[in-house]
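J.: Coordinates in data-v3.pdb, PDB, C-alpha atoms, are listed below.
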ATOM      1  CA  MET A  17     -20.546 138.050  -2.206
ATOM      2  CA  GLN A  18     -16.979 137.523  -3.396
ATOM      3  CA  ILE A  19     -16.477 136.776  -7.072
ATOM      4  CA  TYR A  20     -13.505 134.762  -8.253
ATOM      5  CA  ALA A  21     -12.538 135.392 -11.862
ATOM      6  CA  ASN A  22      -9.781 134.186 -14.100
ATOM      7  CA  LEU A  23      -8.454 136.340 -16.898
ATOM      8  CA  LEU A  24      -7.503 134.516 -20.079
ATOM      9  CA  VAL A  25      -5.817 136.064 -23.064
ATOM     10  CA  LEU A  26      -6.794 134.629 -26.447
ATOM     11  CA  PRO A  27      -5.764 135.918 -29.830
ATOM     12  CA  ASN A  28      -7.397 139.329 -30.344
ATOM     13  CA  LYS A  29      -9.611 138.713 -27.290
ATOM     14  CA  ILE A  30      -9.558 139.107 -23.592
ATOM     15  CA  VAL A  31     -11.642 136.425 -21.920
ATOM     16  CA  LEU A  32     -12.895 136.588 -18.377
ATOM     17  CA  LYS A  33     -13.925 133.300 -16.693
ATOM     18  CA  MET A  34     -16.419 133.452 -13.887
ATOM     19  CA  GLY A  35     -17.466 130.041 -12.576
ATOM     20  CA  LYS A  36     -18.358 127.840 -15.562
ATOM     21  CA  THR A  37     -19.179 130.808 -17.813
ATOM     22  CA  LYS A  38     -16.652 132.642 -19.916
ATOM     23  CA  TYR A  39     -17.040 136.289 -21.022
ATOM     24  CA  TYR A  40     -15.211 138.316 -23.586
ATOM     25  CA  TYR A  41     -15.036 142.152 -24.009
ATOM     26  CA  ASN A  42     -16.953 143.360 -27.022
ATOM     27  CA  GLU A  43     -15.211 146.496 -28.242
ATOM     28  CA  LYS A  44     -18.211 147.500 -30.248
ATOM     29  CA  THR A  45     -20.667 147.469 -27.439
ATOM     30  CA  LEU A  46     -17.970 148.265 -24.863
ATOM     31  CA  SER A  47     -19.314 145.510 -22.584
ATOM     32  CA  TYR A  48     -18.603 141.862 -21.556
ATOM     33  CA  GLU A  49     -20.654 139.268 -23.317
ATOM     34  CA  ALA A  50     -20.910 135.498 -22.755
ATOM     35  CA  LEU A  51     -18.549 133.528 -24.958
ATOM     36  CA  LYS A  52     -20.450 131.143 -27.247
ATOM     37  CA  ARG A  53     -18.642 128.325 -29.130
ATOM     38  CA  THR A  54     -19.460 127.236 -32.616
ATOM     39  CA  PRO A  55     -20.560 123.631 -33.313
ATOM     40  CA  ALA A  56     -17.127 122.938 -34.817
ATOM     41  CA  GLN A  57     -15.430 124.121 -31.641
ATOM     42  CA  LYS A  58     -17.720 121.983 -29.495
ATOM     43  CA  PHE A  59     -17.043 118.928 -31.662
ATOM     44  CA  PHE A  60     -13.288 119.523 -31.508
ATOM     45  CA  ARG A  61     -13.399 119.811 -27.688
ATOM     46  CA  ILE A  62     -15.410 116.581 -27.400
ATOM     47  CA  PHE A  63     -13.068 114.797 -29.817
ATOM     48  CA  LEU A  64     -10.035 116.049 -27.926
ATOM     49  CA  PHE A  65     -11.553 114.849 -24.651
ATOM     50  CA  LEU A  66     -12.248 111.381 -26.053
ATOM     51  CA  ILE A  67      -8.756 111.045 -27.526
ATOM     52  CA  THR A  68      -7.169 112.123 -24.268
ATOM     53  CA  THR A  69      -9.334 109.727 -22.276
ATOM     54  CA  LEU A  70      -8.601 106.844 -24.631
ATOM     55  CA  ALA A  71      -4.873 107.534 -24.554
ATOM     56  CA  SER A  72      -4.909 107.707 -20.773
ATOM     57  CA  THR A  73      -6.837 104.447 -20.562
ATOM     58  CA  VAL A  74      -4.379 102.695 -22.885
ATOM     59  CA  VAL A  75      -1.425 103.930 -20.860
ATOM     60  CA  VAL A  76      -3.030 102.832 -17.582
ATOM     61  CA  LEU A  77      -3.900  99.396 -18.977
ATOM     62  CA  PHE A  78      -0.419  98.974 -20.430
ATOM     63  CA  LEU A  79       1.167  99.781 -17.090
ATOM     64  CA  LEU A  80      -1.225  97.767 -14.916
ATOM     65  CA  TYR A  81      -1.868  94.726 -17.196
ATOM     66  CA  PRO A  82       1.085  92.656 -15.902
ATOM     67  CA  PHE A  83      -0.046  93.123 -12.309
ATOM     68  CA  PHE A  84      -3.837  92.893 -12.485
ATOM     69  CA  ASP A  85      -6.118  90.365 -14.188
ATOM     70  CA  SER A  86      -9.001  91.265 -16.367
ATOM     71  CA  PRO A  87     -12.465  89.998 -15.350
ATOM     72  CA  LYS A  88     -12.277  87.330 -18.062
ATOM     73  CA  GLU A  89      -8.858  86.200 -16.894
ATOM     74  CA  MET A  90     -10.069  86.038 -13.325
ATOM     75  CA  MET A  91     -12.987  83.885 -14.431
ATOM     76  CA  LEU A  92     -10.701  81.555 -16.417
ATOM     77  CA  LYS A  93      -8.331  81.220 -13.477
ATOM     78  CA  ARG A  94     -11.212  80.297 -11.222
ATOM     79  CA  GLU A  95     -12.272  77.646 -13.731
ATOM     80  CA  ILE A  96      -8.710  76.270 -13.954
ATOM     81  CA  THR A  97      -8.505  76.092 -10.164
ATOM     82  CA  GLU A  98     -11.798  74.204 -10.100
ATOM     83  CA  TYR A  99     -10.572  71.811 -12.820
ATOM     84  CA  GLN A 100      -7.393  71.107 -10.862
ATOM     85  CA  LEU A 101      -9.430  70.388  -7.751
ATOM     86  CA  GLN A 102     -11.685  68.007  -9.672
ATOM     87  CA  PHE A 103      -8.630  66.258 -11.184
ATOM     88  CA  LYS A 104      -7.197  65.721  -7.716
ATOM     89  CA  ILE A 105     -10.518  64.321  -6.520
ATOM     90  CA  MET A 106     -10.575  61.994  -9.549
ATOM     91  CA  ASN A 107      -6.995  60.905  -8.794
ATOM     92  CA  ASP A 108      -7.959  60.056  -5.229
ATOM     93  CA  ARG A 109     -10.900  57.998  -6.475
ATOM     94  CA  LEU A 110      -8.678  56.254  -9.035
ATOM     95  CA  ASP A 111      -6.190  55.413  -6.265
ATOM     96  CA  LYS A 112      -8.992  53.853  -4.225
ATOM     97  CA  MET A 113     -10.223  51.891  -7.244
ATOM     98  CA  GLN A 114      -6.692  50.644  -7.915
ATOM     99  CA  ARG A 115      -6.434  49.431  -4.326
ATOM    100  CA  VAL A 116      -9.733  47.598  -4.765
ATOM    101  CA  MET A 117      -8.460  46.052  -8.025
ATOM    102  CA  LYS A 118      -5.244  44.960  -6.314
ATOM    103  CA  GLU A 119      -7.278  43.271  -3.584
ATOM    104  CA  LEU A 120      -9.444  41.541  -6.196
ATOM    105  CA  ALA A 121      -6.325  40.349  -8.046
ATOM    106  CA  ASN A 122      -4.850  39.051  -4.791
ATOM    107  CA  ARG A 123      -8.021  37.127  -3.967
ATOM    108  CA  ASP A 124      -8.230  35.840  -7.511
ATOM    109  CA  ASP A 125      -4.666  34.475  -7.505
ATOM    110  CA  ASN A 126      -4.545  33.184  -3.929
ATOM    111  CA  ILE A 127      -8.096  32.015  -3.292
ATOM    112  CA  TYR A 128     -10.337  31.559  -6.327
ATOM    113  CA  ARG A 129      -7.726  30.152  -8.710
ATOM    114  CA  VAL A 130      -6.179  28.021  -5.957
ATOM    115  CA  ILE A 131      -9.552  26.435  -5.208
ATOM    116  CA  PHE A 132      -9.867  25.374  -8.835
ATOM    117  CA  GLU A 133      -6.201  24.356  -9.173
ATOM    118  CA  ALA A 134      -5.472  27.098 -11.720
ATOM    119  CA  ASP A 135      -2.172  28.915 -12.033
ATOM    120  CA  PRO A 136      -2.147  32.561 -10.879
ATOM    121  CA  ILE A 137      -2.080  35.213 -13.583
ATOM    122  CA  PRO A 138       1.516  36.420 -14.129
ATOM    123  CA  LYS A 139       2.302  39.986 -13.177
ATOM    124  CA  SER A 140       3.476  40.657 -16.729
ATOM    125  CA  VAL A 141       0.009  39.780 -18.019
ATOM    126  CA  ARG A 142      -1.790  41.909 -15.438
ATOM    127  CA  GLU A 143       0.389  44.909 -16.345
ATOM    128  CA  ALA A 144       0.342  44.327 -20.102
ATOM    129  CA  GLY A 145      -0.238  47.487 -22.143
ATOM    130  CA  ILE A 146       0.711  49.889 -19.337
ATOM    131  CA  GLY A 147       4.230  50.694 -20.551
ATOM    132  CA  GLY A 148       5.579  50.972 -24.065
ATOM    133  CA  VAL A 149       5.338  53.868 -26.490
ATOM    134  CA  ASP A 150       4.889  57.335 -25.017
ATOM    135  CA  ARG A 151       1.202  57.852 -25.626
ATOM    136  CA  TYR A 152       1.027  61.029 -23.576
ATOM    137  CA  ALA A 153       3.161  63.310 -25.740
ATOM    138  CA  ASP A 154       0.138  65.318 -26.897
ATOM    139  CA  MET A 155      -0.638  66.196 -23.261
ATOM    140  CA  GLU A 156       2.708  67.838 -22.598
ATOM    141  CA  GLY A 157       3.479  71.550 -22.759
ATOM    142  CA  TYR A 158       0.703  72.810 -20.470
ATOM    143  CA  ASP A 159       0.795  74.173 -16.940
ATOM    144  CA  GLY A 160      -1.279  71.213 -15.742
ATOM    145  CA  SER A 161       0.405  68.584 -17.947
ATOM    146  CA  GLN A 162       1.801  66.557 -15.054
ATOM    147  CA  LEU A 163      -1.582  66.234 -13.349
ATOM    148  CA  LEU A 164      -3.302  65.459 -16.648
ATOM    149  CA  ILE A 165      -0.737  62.808 -17.664
ATOM    150  CA  GLU A 166      -0.773  61.182 -14.238
ATOM    151  CA  THR A 167      -4.563  60.910 -14.335
ATOM    152  CA  ALA A 168      -4.486  59.451 -17.849
ATOM    153  CA  LYS A 169      -1.869  56.869 -16.799
ATOM    154  CA  LYS A 170      -3.922  55.760 -13.808
ATOM    155  CA  LEU A 171      -7.050  55.515 -15.938
ATOM    156  CA  ASN A 172      -5.271  53.437 -18.620
ATOM    157  CA  ARG A 173      -3.683  51.197 -15.995
ATOM    158  CA  LEU A 174      -7.030  50.661 -14.274
ATOM    159  CA  THR A 175      -8.737  49.928 -17.605
ATOM    160  CA  SER A 176      -6.116  47.288 -18.426
ATOM    161  CA  GLU A 177      -6.361  45.699 -14.974
ATOM    162  CA  ILE A 178     -10.166  45.579 -15.154
ATOM    163  CA  TYR A 179      -9.984  43.880 -18.562
ATOM    164  CA  VAL A 180      -7.519  41.227 -17.357
ATOM    165  CA  GLN A 181      -9.494  40.640 -14.165
ATOM    166  CA  SER A 182     -12.719  40.332 -16.136
ATOM    167  CA  LYS A 183     -11.139  37.646 -18.340
ATOM    168  CA  SER A 184      -9.842  35.874 -15.249
ATOM    169  CA  PHE A 185     -13.288  35.855 -13.647
ATOM    170  CA  ASP A 186     -14.681  34.416 -16.888
ATOM    171  CA  GLN A 187     -12.180  31.569 -16.532
ATOM    172  CA  VAL A 188     -12.995  31.072 -12.848
ATOM    173  CA  PHE A 189     -16.705  31.041 -13.663
ATOM    174  CA  ALA A 190     -16.127  28.405 -16.345
ATOM    175  CA  MET A 191     -14.071  26.356 -13.876
ATOM    176  CA  ALA A 192     -16.807  26.712 -11.261
ATOM    177  CA  LYS A 193     -19.354  25.365 -13.747
ATOM    178  CA  ASN A 194     -17.075  22.382 -14.346
ATOM    179  CA  LYS A 195     -16.214  21.958 -10.668
ATOM    180  CA  GLU A 196     -17.936  18.575 -10.406
ATOM    181  CA  LYS A 197     -16.045  17.309 -13.429
ATOM    182  CA  MET A 198     -12.796  18.779 -12.123
ATOM    183  CA  LEU A 199     -13.193  17.215  -8.677
ATOM    184  CA  ALA A 200     -13.840  13.857 -10.304
ATOM    185  CA  SER A 201     -10.750  14.233 -12.490
ATOM    186  CA  ILE A 202      -8.151  15.391  -9.971
ATOM    187  CA  PRO A 203      -6.261  12.426  -8.415
ATOM    188  CA  ALA A 204      -7.776  11.818  -4.984
ATOM    189  CA  ILE A 205      -7.303   8.172  -3.927
ATOM    190  CA  GLN A 206      -4.480   5.674  -3.478
ATOM    191  CA  PRO A 207      -3.867   3.507  -6.547
ATOM    192  CA  VAL A 208      -3.504   0.332  -4.435
ATOM    193  CA  ARG A 209      -5.747  -0.657  -1.529
ATOM    194  CA  ASN A 210      -3.795   0.319   1.576
ATOM    195  CA  ILE A 211      -6.188   0.158   4.499
ATOM    196  CA  GLN A 212      -3.593  -0.182   7.263
ATOM    197  CA  LEU A 213      -1.108   2.199   5.590
ATOM    198  CA  LYS A 214       1.585  -0.493   5.540
ATOM    199  CA  ARG A 215       2.087  -0.859   1.801
ATOM    200  CA  ILE A 216       4.014   2.335   1.126
ATOM    201  CA  SER A 217       7.671   1.325   1.058
ATOM    202  CA  SER A 218       9.143   4.601  -0.181
ATOM    203  CA  TYR A 219       7.799   8.139  -0.190
ATOM    204  CA  PHE A 220       8.398  11.164  -2.405
ATOM    205  CA  GLY A 221      11.740  12.961  -1.975
ATOM    206  CA  TYR A 222      15.457  12.257  -2.032
ATOM    207  CA  ARG A 223      16.152   8.574  -1.433
ATOM    208  CA  MET A 224      19.026   6.117  -1.872
ATOM    209  CA  ASP A 225      18.895   4.501  -5.317
ATOM    210  CA  PRO A 226      18.932   0.690  -4.804
ATOM    211  CA  PHE A 227      20.994   0.127  -7.944
ATOM    212  CA  TYR A 228      23.408   3.053  -8.106
ATOM    213  CA  LYS A 229      23.708   3.636  -4.314
ATOM    214  CA  VAL A 230      23.466   7.416  -4.639
ATOM    215  CA  ARG A 231      20.875   9.875  -3.327
ATOM    216  CA  LYS A 232      18.474  10.978  -6.021
ATOM    217  CA  LEU A 233      15.005  12.446  -6.193
ATOM    218  CA  HIS A 234      12.328   9.776  -5.967
ATOM    219  CA  GLU A 235       9.548  11.426  -7.972
ATOM    220  CA  GLY A 236       6.713   9.262  -6.710
ATOM    221  CA  ILE A 237       5.571   6.763  -4.080
ATOM    222  CA  ASP A 238       6.263   3.016  -4.090
ATOM    223  CA  PHE A 239       3.443   0.699  -3.004
ATOM    224  CA  SER A 240       4.730  -2.737  -2.054
ATOM    225  CA  ALA A 241       2.186  -5.377  -3.085
ATOM    226  CA  PRO A 242       2.070  -8.958  -4.414
ATOM    227  CA  ARG A 243       2.321  -9.473  -8.129
ATOM    228  CA  GLY A 244      -1.143  -9.293  -9.703
ATOM    229  CA  THR A 245      -2.613  -6.836  -7.148
ATOM    230  CA  PRO A 246      -5.163  -4.567  -8.908
ATOM    231  CA  VAL A 247      -4.038  -1.007  -9.686
ATOM    232  CA  HIS A 248      -6.793   1.614  -9.674
ATOM    233  CA  VAL A 249      -6.774   4.879 -11.582
ATOM    234  CA  THR A 250      -6.950   7.745  -9.090
ATOM    235  CA  GLY A 251      -9.150  10.134 -11.094
ATOM    236  CA  ASP A 252     -11.241  10.381 -14.257
ATOM    237  CA  GLY A 253      -9.197  10.857 -17.399
ATOM    238  CA  ARG A 254      -7.909   9.529 -20.691
ATOM    239  CA  VAL A 255      -5.128   6.969 -21.096
ATOM    240  CA  ILE A 256      -2.326   8.619 -23.077
ATOM    241  CA  LYS A 257       0.394   5.970 -22.762
ATOM    242  CA  VAL A 258       0.463   2.192 -22.513
ATOM    243  CA  ARG A 259       4.068   1.033 -22.924
ATOM    244  CA  ARG A 260       5.855  -2.260 -22.448
ATOM    245  CA  SER A 261       9.517  -2.057 -21.488
ATOM    246  CA  ARG A 262      12.226  -4.018 -19.679
ATOM    247  CA  ARG A 263      14.059  -0.861 -18.629
ATOM    248  CA  GLY A 264      13.439   2.052 -16.286
ATOM    249  CA  TYR A 265       9.801   2.080 -15.241
ATOM    250  CA  GLY A 266       9.105  -1.155 -17.083
ATOM    251  CA  ASN A 267       5.509  -1.608 -18.176
ATOM    252  CA  GLU A 268       3.782   1.714 -17.518
ATOM    253  CA  ILE A 269       0.537   3.601 -18.006
ATOM    254  CA  GLU A 270      -0.007   7.365 -18.073
ATOM    255  CA  VAL A 271      -3.402   8.995 -17.634
ATOM    256  CA  ASP A 272      -4.190  12.613 -18.496
ATOM    257  CA  HIS A 273      -6.804  13.946 -16.051
ATOM    258  CA  GLY A 274      -6.998  17.433 -17.525
ATOM    259  CA  TYR A 275      -6.454  20.630 -15.557
ATOM    260  CA  GLY A 276      -2.699  20.039 -15.898
ATOM    261  CA  TYR A 277      -2.674  16.688 -14.013
ATOM    262  CA  ILE A 278      -1.059  13.466 -15.257
ATOM    263  CA  THR A 279      -0.583  10.267 -13.247
ATOM    264  CA  LEU A 280       1.927   7.486 -13.958
ATOM    265  CA  TYR A 281       1.679   3.813 -12.926
ATOM    266  CA  ALA A 282       4.908   1.813 -13.410
ATOM    267  CA  HIS A 283       6.408  -1.727 -13.136
ATOM    268  CA  LEU A 284       3.071  -3.319 -14.084
ATOM    269  CA  SER A 285       2.687  -6.998 -14.898
ATOM    270  CA  ALA A 286      -0.417  -6.556 -17.059
ATOM    271  CA  PHE A 287      -2.584  -3.862 -18.687
ATOM    272  CA  LYS A 288      -6.366  -3.632 -18.388
ATOM    273  CA  VAL A 289      -6.824  -0.565 -20.621
ATOM    274  CA  LYS A 290      -5.749   0.683 -24.034
ATOM    275  CA  LYS A 291      -4.263   3.954 -25.188
ATOM    276  CA  GLY A 292      -6.957   6.575 -25.830
ATOM    277  CA  GLN A 293      -9.477   4.888 -23.519
ATOM    278  CA  TRP A 294     -11.483   7.028 -21.057
ATOM    279  CA  VAL A 295     -11.381   5.763 -17.480
ATOM    280  CA  LYS A 296     -13.244   6.542 -14.254
ATOM    281  CA  ARG A 297     -11.752   6.945 -10.774
ATOM    282  CA  GLY A 298     -11.357   3.582  -9.058
ATOM    283  CA  GLN A 299     -11.358   1.589 -12.319
ATOM    284  CA  VAL A 300      -8.721  -1.152 -12.535
ATOM    285  CA  ILE A 301      -6.226  -0.240 -15.234
ATOM    286  CA  GLY A 302      -3.413  -2.749 -14.544
ATOM    287  CA  LEU A 303      -1.812  -5.239 -12.193
ATOM    288  CA  VAL A 304       1.185  -4.818  -9.885
ATOM    289  CA  GLY A 305       4.382  -6.321 -11.295
ATOM    290  CA  ASN A 306       8.173  -6.294 -11.113
ATOM    291  CA  THR A 307       9.124  -5.132 -14.602
ATOM    292  CA  GLY A 308      11.926  -2.742 -15.528
ATOM    293  CA  LYS A 309      14.355  -1.363 -12.927
ATOM    294  CA  SER A 310      12.736  -2.860  -9.834
ATOM    295  CA  THR A 311      13.976  -4.780  -6.782
ATOM    296  CA  ALA A 312      10.649  -6.443  -5.911
ATOM    297  CA  PRO A 313       6.980  -6.461  -6.935
ATOM    298  CA  HIS A 314       5.564  -2.982  -6.340
ATOM    299  CA  LEU A 315       3.766  -0.093  -7.970
ATOM    300  CA  HIS A 316       5.630   3.170  -8.611
ATOM    301  CA  TYR A 317       3.011   5.954  -8.653
ATOM    302  CA  GLU A 318       3.569   9.584  -9.697
ATOM    303  CA  VAL A 319       1.434  12.721  -9.890
ATOM    304  CA  ARG A 320       2.543  15.493 -12.220
ATOM    305  CA  LYS A 321       1.122  19.009 -12.313
ATOM    306  CA  GLY A 322       2.147  21.010 -15.351
ATOM    307  CA  ASN A 323       4.656  18.243 -16.143
ATOM    308  CA  VAL A 324       6.378  18.787 -12.773
ATOM    309  CA  PRO A 325       6.398  15.887 -10.260
ATOM    310  CA  VAL A 326       4.533  16.688  -7.024
ATOM    311  CA  ASP A 327       4.203  14.658  -3.846
ATOM    312  CA  PRO A 328       1.305  12.165  -4.351
ATOM    313  CA  ILE A 329       0.692  12.120  -0.596
ATOM    314  CA  TYR A 330      -1.291  15.347  -0.992
ATOM    315  CA  PHE A 331      -3.738  13.594  -3.323
ATOM    316  CA  PHE A 332      -5.071  10.854  -1.049
ATOM    317  CA  PHE A 333      -7.723  13.021   0.591
ATOM    318  CA  SER A 334     -10.751  11.050  -0.609
ATOM    319  CA  ASP A 335      -9.926   7.718   1.042
ATOM    320  CA  LEU A 336      -8.130   8.764   4.243
ATOM    321  CA  THR A 337      -9.470  10.122   7.502
ATOM    322  CA  PRO A 338      -7.700  13.129   9.069
ATOM    323  CA  ASP A 339      -5.995  10.809  11.573
ATOM    324  CA  GLU A 340      -4.843   8.427   8.852
ATOM    325  CA  TYR A 341      -3.567  11.322   6.780
ATOM    326  CA  SER A 342      -1.606  12.712   9.754
ATOM    327  CA  LYS A 343      -0.115   9.269  10.358
ATOM    328  CA  MET A 344       0.926   9.002   6.718
ATOM    329  CA  LEU A 345       2.615  12.391   6.885
ATOM    330  CA  GLU A 346       4.613  11.219   9.903
ATOM    331  CA  LEU A 347       5.620   7.999   8.133
ATOM    332  CA  SER A 348       6.747   9.971   5.083
ATOM    333  CA  LYS A 349       9.449  11.649   7.184
ATOM    334  CA  ILE A 350      11.165   8.333   7.975
ATOM    335  CA  PRO A 351      14.193   7.710   5.675
ATOM    336  CA  THR A 352      13.583   4.793   3.307
ATOM    337  CA  GLN A 353      15.123   3.328   0.184
ATOM    338  CA  SER A 354      13.209   3.316  -3.076
ATOM    339  CA  MET A 355      12.452   0.055  -4.864
ATOM    340  CA  ASP A 356      13.288   1.334  -8.341
TER     341      ASP A 356
END
So that I can check it, write out the structure of this file as structure tokens.
T.:
Amino acid sequence: MQIYANLLVLPNKIVLKMGKTKYYYNEKTLSYEALKRTPAQKFFRIFLFLITTLASTVVVLFLLYPFFDSPKEMMLKREITEYQLQFKIMNDRLDKMQRVMKELANRDDNIYRVIFEADPIPKSVREAGIGGVDRYADMEGYDGSQLLIETAKKLNRLTSEIYVQSKSFDQVFAMAKNKEKMLASIPAIQPVRNIQLKRISSYFGYRMDPFYKVRKLHEGIDFSAPRGTPVHVTGDGRVIKVRRSRRGYGNEIEVDHGYGYITLYAHLSAFKVKKGQWVKRGQVIGLVGNTGKSTAPHLHYEVRKGNVPVDPIYFFFSDLTPDEYSKMLELSKIPTQSMD
């Protein structure tokens, strides 16, 4: 057996190390004896080992910290990655919901509100509350600020659009409940009996003025008829004007039908209603005359929507067949001269 020994020299002692055991030469007994440490020496060696280990650990951590994540940091990063994924999923869902809202708004403006003769909701109203003061300042300054702000903007925009659309549907629902009343109020017949479609002498559009000989917009339709021919109101409503005059439209009546519609009946020879009176479609409200700026007995009839003149020919649908209506449209294209 070969023995490997290391010889150490300590103050006043010669120490021989064999394996894990250390021996020193006892001059009194003239022999080698095992070296035994005192408790203080053992404590010092343990303390020195701990200090060295701690110092080494600190140095290693200090050098490796910028390049390696701690377990807690790794866990937080995984959570952040998961949050970002969920935010993207939410953004995709918000995009889909916005597309659905846009389709609902389009149907609302171009179908539902058209059916009930209501004006579409302006874009400025639908987008109200989206812009303005920067309400996202407290979300800035983070790594994921852009994603967070974008999600918040979409959510706020969608909330605003849902609110406006909800109010619009409330209006449409109210209009649907009053549909029967609305249909009875909207002008829908000719004001003078015109079975063979031969009484209309001038249609809506630019015509030659019989007095001034210049082209000007004729804002209604002229019905040629004998003096005293009954004039019928074309929809339910309230009489808001009964005026006698020798100028312009002469003796005239205006009826407010609600829903933005007003009809005017001019050049009358007599009145059969009073201002403020409620009238029903088909009721006689006056008689054809030749008063005011008129070349012959006739009725000048106008339909106004939102105080803007519209072609009355589109409001004869209740007393014309499809063929008669098509014929009237063809006749309306023939140049004529107005009678007032």
J.: Of the candidates A:Ser285, A:Asn323, A:Gln57, A:Asn172, which shows the shortest atom-to-atom distance to Asp272 (chain A), using all atoms listed in the file?
T.: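 Nearest candidate to Asp272 (chain A) out of A:Ser285, A:Asn323, A:Gln57, A:Asn172: A:Asn323.
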J.: Go ahead and compute the interatomic distance for CA of Ala71 (chain A) and CA of Pro87 (chain A), in Å to one decimal.
T.: 21.2 Å
J.: Find the residues near region 334-342 of chain A: any atom within 12 Å, counting all atoms listed in the file, skip ones fewer than 5 places away on the same chain, and give them as a PDB file with C-alpha atoms, in the coordinates of the input.
T.:
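The resulting file, part-v7.pdb, is shown below:
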ATOM      1  CA  LEU A 199     -13.193  17.215  -8.677  1.00  0.00           C
ATOM      2  CA  ALA A 200     -13.840  13.857 -10.304  1.00  0.00           C
ATOM      3  CA  ILE A 202      -8.151  15.391  -9.971  1.00  0.00           C
ATOM      4  CA  PRO A 203      -6.261  12.426  -8.415  1.00  0.00           C
ATOM      5  CA  ALA A 204      -7.776  11.818  -4.984  1.00  0.00           C
ATOM      6  CA  ILE A 205      -7.303   8.172  -3.927  1.00  0.00           C
ATOM      7  CA  GLN A 206      -4.480   5.674  -3.478  1.00  0.00           C
ATOM      8  CA  PRO A 207      -3.867   3.507  -6.547  1.00  0.00           C
ATOM      9  CA  VAL A 208      -3.504   0.332  -4.435  1.00  0.00           C
ATOM     10  CA  ARG A 209      -5.747  -0.657  -1.529  1.00  0.00           C
ATOM     11  CA  ASN A 210      -3.795   0.319   1.576  1.00  0.00           C
ATOM     12  CA  ILE A 211      -6.188   0.158   4.499  1.00  0.00           C
ATOM     13  CA  GLN A 212      -3.593  -0.182   7.263  1.00  0.00           C
ATOM     14  CA  LEU A 213      -1.108   2.199   5.590  1.00  0.00           C
ATOM     15  CA  LYS A 214       1.585  -0.493   5.540  1.00  0.00           C
ATOM     16  CA  THR A 250      -6.950   7.745  -9.090  1.00  0.00           C
ATOM     17  CA  GLY A 251      -9.150  10.134 -11.094  1.00  0.00           C
ATOM     18  CA  ARG A 297     -11.752   6.945 -10.774  1.00  0.00           C
ATOM     19  CA  GLY A 298     -11.357   3.582  -9.058  1.00  0.00           C
ATOM     20  CA  ILE A 329       0.692  12.120  -0.596  1.00  0.00           C
ATOM     21  CA  LEU A 347       5.620   7.999   8.133  1.00  0.00           C
ATOM     22  CA  SER A 348       6.747   9.971   5.083  1.00  0.00           C
ATOM     23  CA  LYS A 349       9.449  11.649   7.184  1.00  0.00           C
TER      24      LYS A 349
END
J.: When distances are computed from only C-alpha atoms, which of A:Lys52, A:Lys88, A:Arg254, A:Lys169 shows the smallest separation from Leu110 (chain A)?
T.: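 So, comparing all the options, the nearest one is A:Lys169.
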J.: Just the number, please: distance in Å from CA of Pro328 (chain A) to CA of Arg263 (chain A), one decimal.
T.: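 Interatomic distance, CA of Pro328 (chain A) to CA of Arg263 (chain A): 23.2 Å.
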J.: Near Gln181 (chain A), within 10 Å and counting only C-alpha atoms, which residues show up once chain neighbours fewer than 2 positions away are dropped, as a PyMOL selection string?
T.: chain A and resi 117-118+120-121+124+137+142+175-179+183-187
J.: Give the answer as one residue: which of A:Gly274, A:Phe287, A:Tyr48, A:Pro325 has the shortest atom-to-atom distance to Gly221 (chain A), using all atoms listed in the file?
T.: A:Pro325
J.: May I ask for the distance between CA of Gln100 (chain A) and CA of Gln162 (chain A), given in Å to one decimal place?
T.: 11.1 Å
J.: For the file shown, what are the residues hit by the PyMOL selection byres ((chain A and resi 319) around 9), laid out as a PDB file with C-alpha atoms, keeping the file's coordinate frame?
T.:
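That gives us selection38.pdb:
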ATOM      1  CA  PRO A 203      -6.261  12.426  -8.415  1.00  0.00           C
ATOM      2  CA  GLU A 235       9.548  11.426  -7.972  1.00  0.00           C
ATOM      3  CA  GLY A 236       6.713   9.262  -6.710  1.00  0.00           C
ATOM      4  CA  TYR A 277      -2.674  16.688 -14.013  1.00  0.00           C
ATOM      5  CA  ILE A 278      -1.059  13.466 -15.257  1.00  0.00           C
ATOM      6  CA  THR A 279      -0.583  10.267 -13.247  1.00  0.00           C
ATOM      7  CA  LEU A 280       1.927   7.486 -13.958  1.00  0.00           C
ATOM      8  CA  TYR A 317       3.011   5.954  -8.653  1.00  0.00           C
ATOM      9  CA  GLU A 318       3.569   9.584  -9.697  1.00  0.00           C
ATOM     10  CA  ARG A 320       2.543  15.493 -12.220  1.00  0.00           C
ATOM     11  CA  LYS A 321       1.122  19.009 -12.313  1.00  0.00           C
ATOM     12  CA  ASN A 323       4.656  18.243 -16.143  1.00  0.00           C
ATOM     13  CA  VAL A 324       6.378  18.787 -12.773  1.00  0.00           C
ATOM     14  CA  PRO A 325       6.398  15.887 -10.260  1.00  0.00           C
ATOM     15  CA  VAL A 326       4.533  16.688  -7.024  1.00  0.00           C
ATOM     16  CA  ASP A 327       4.203  14.658  -3.846  1.00  0.00           C
ATOM     17  CA  PRO A 328       1.305  12.165  -4.351  1.00  0.00           C
ATOM     18  CA  PHE A 331      -3.738  13.594  -3.323  1.00  0.00           C
TER      19      PHE A 331
END
J.: Out of A:Val271, A:Leu174, A:Leu163, A:Ile62, which residue has the shortest atom-to-atom distance to Met113 (chain A) when counting only C-alpha atoms?
T.: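 The shortest atom-to-atom distance to Met113 (chain A) comes from A:Leu174.
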J.: Between A:His316, A:Lys197, A:Lys38, A:Arg53, which has the minimum distance to Tyr275 (chain A) (counting only C-alpha atoms)?
T.: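 Of all the options, A:Lys197 lies closest to Tyr275 (chain A).
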J.: Using only C-alpha atoms, which of the listed residues (A:Phe103, A:Phe65, A:Phe60, A:Tyr281) sits closest to Glu268 (chain A)?
T.: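 Looking only at the distances to Glu268 (chain A), the closest residue turns out to be A:Tyr281.
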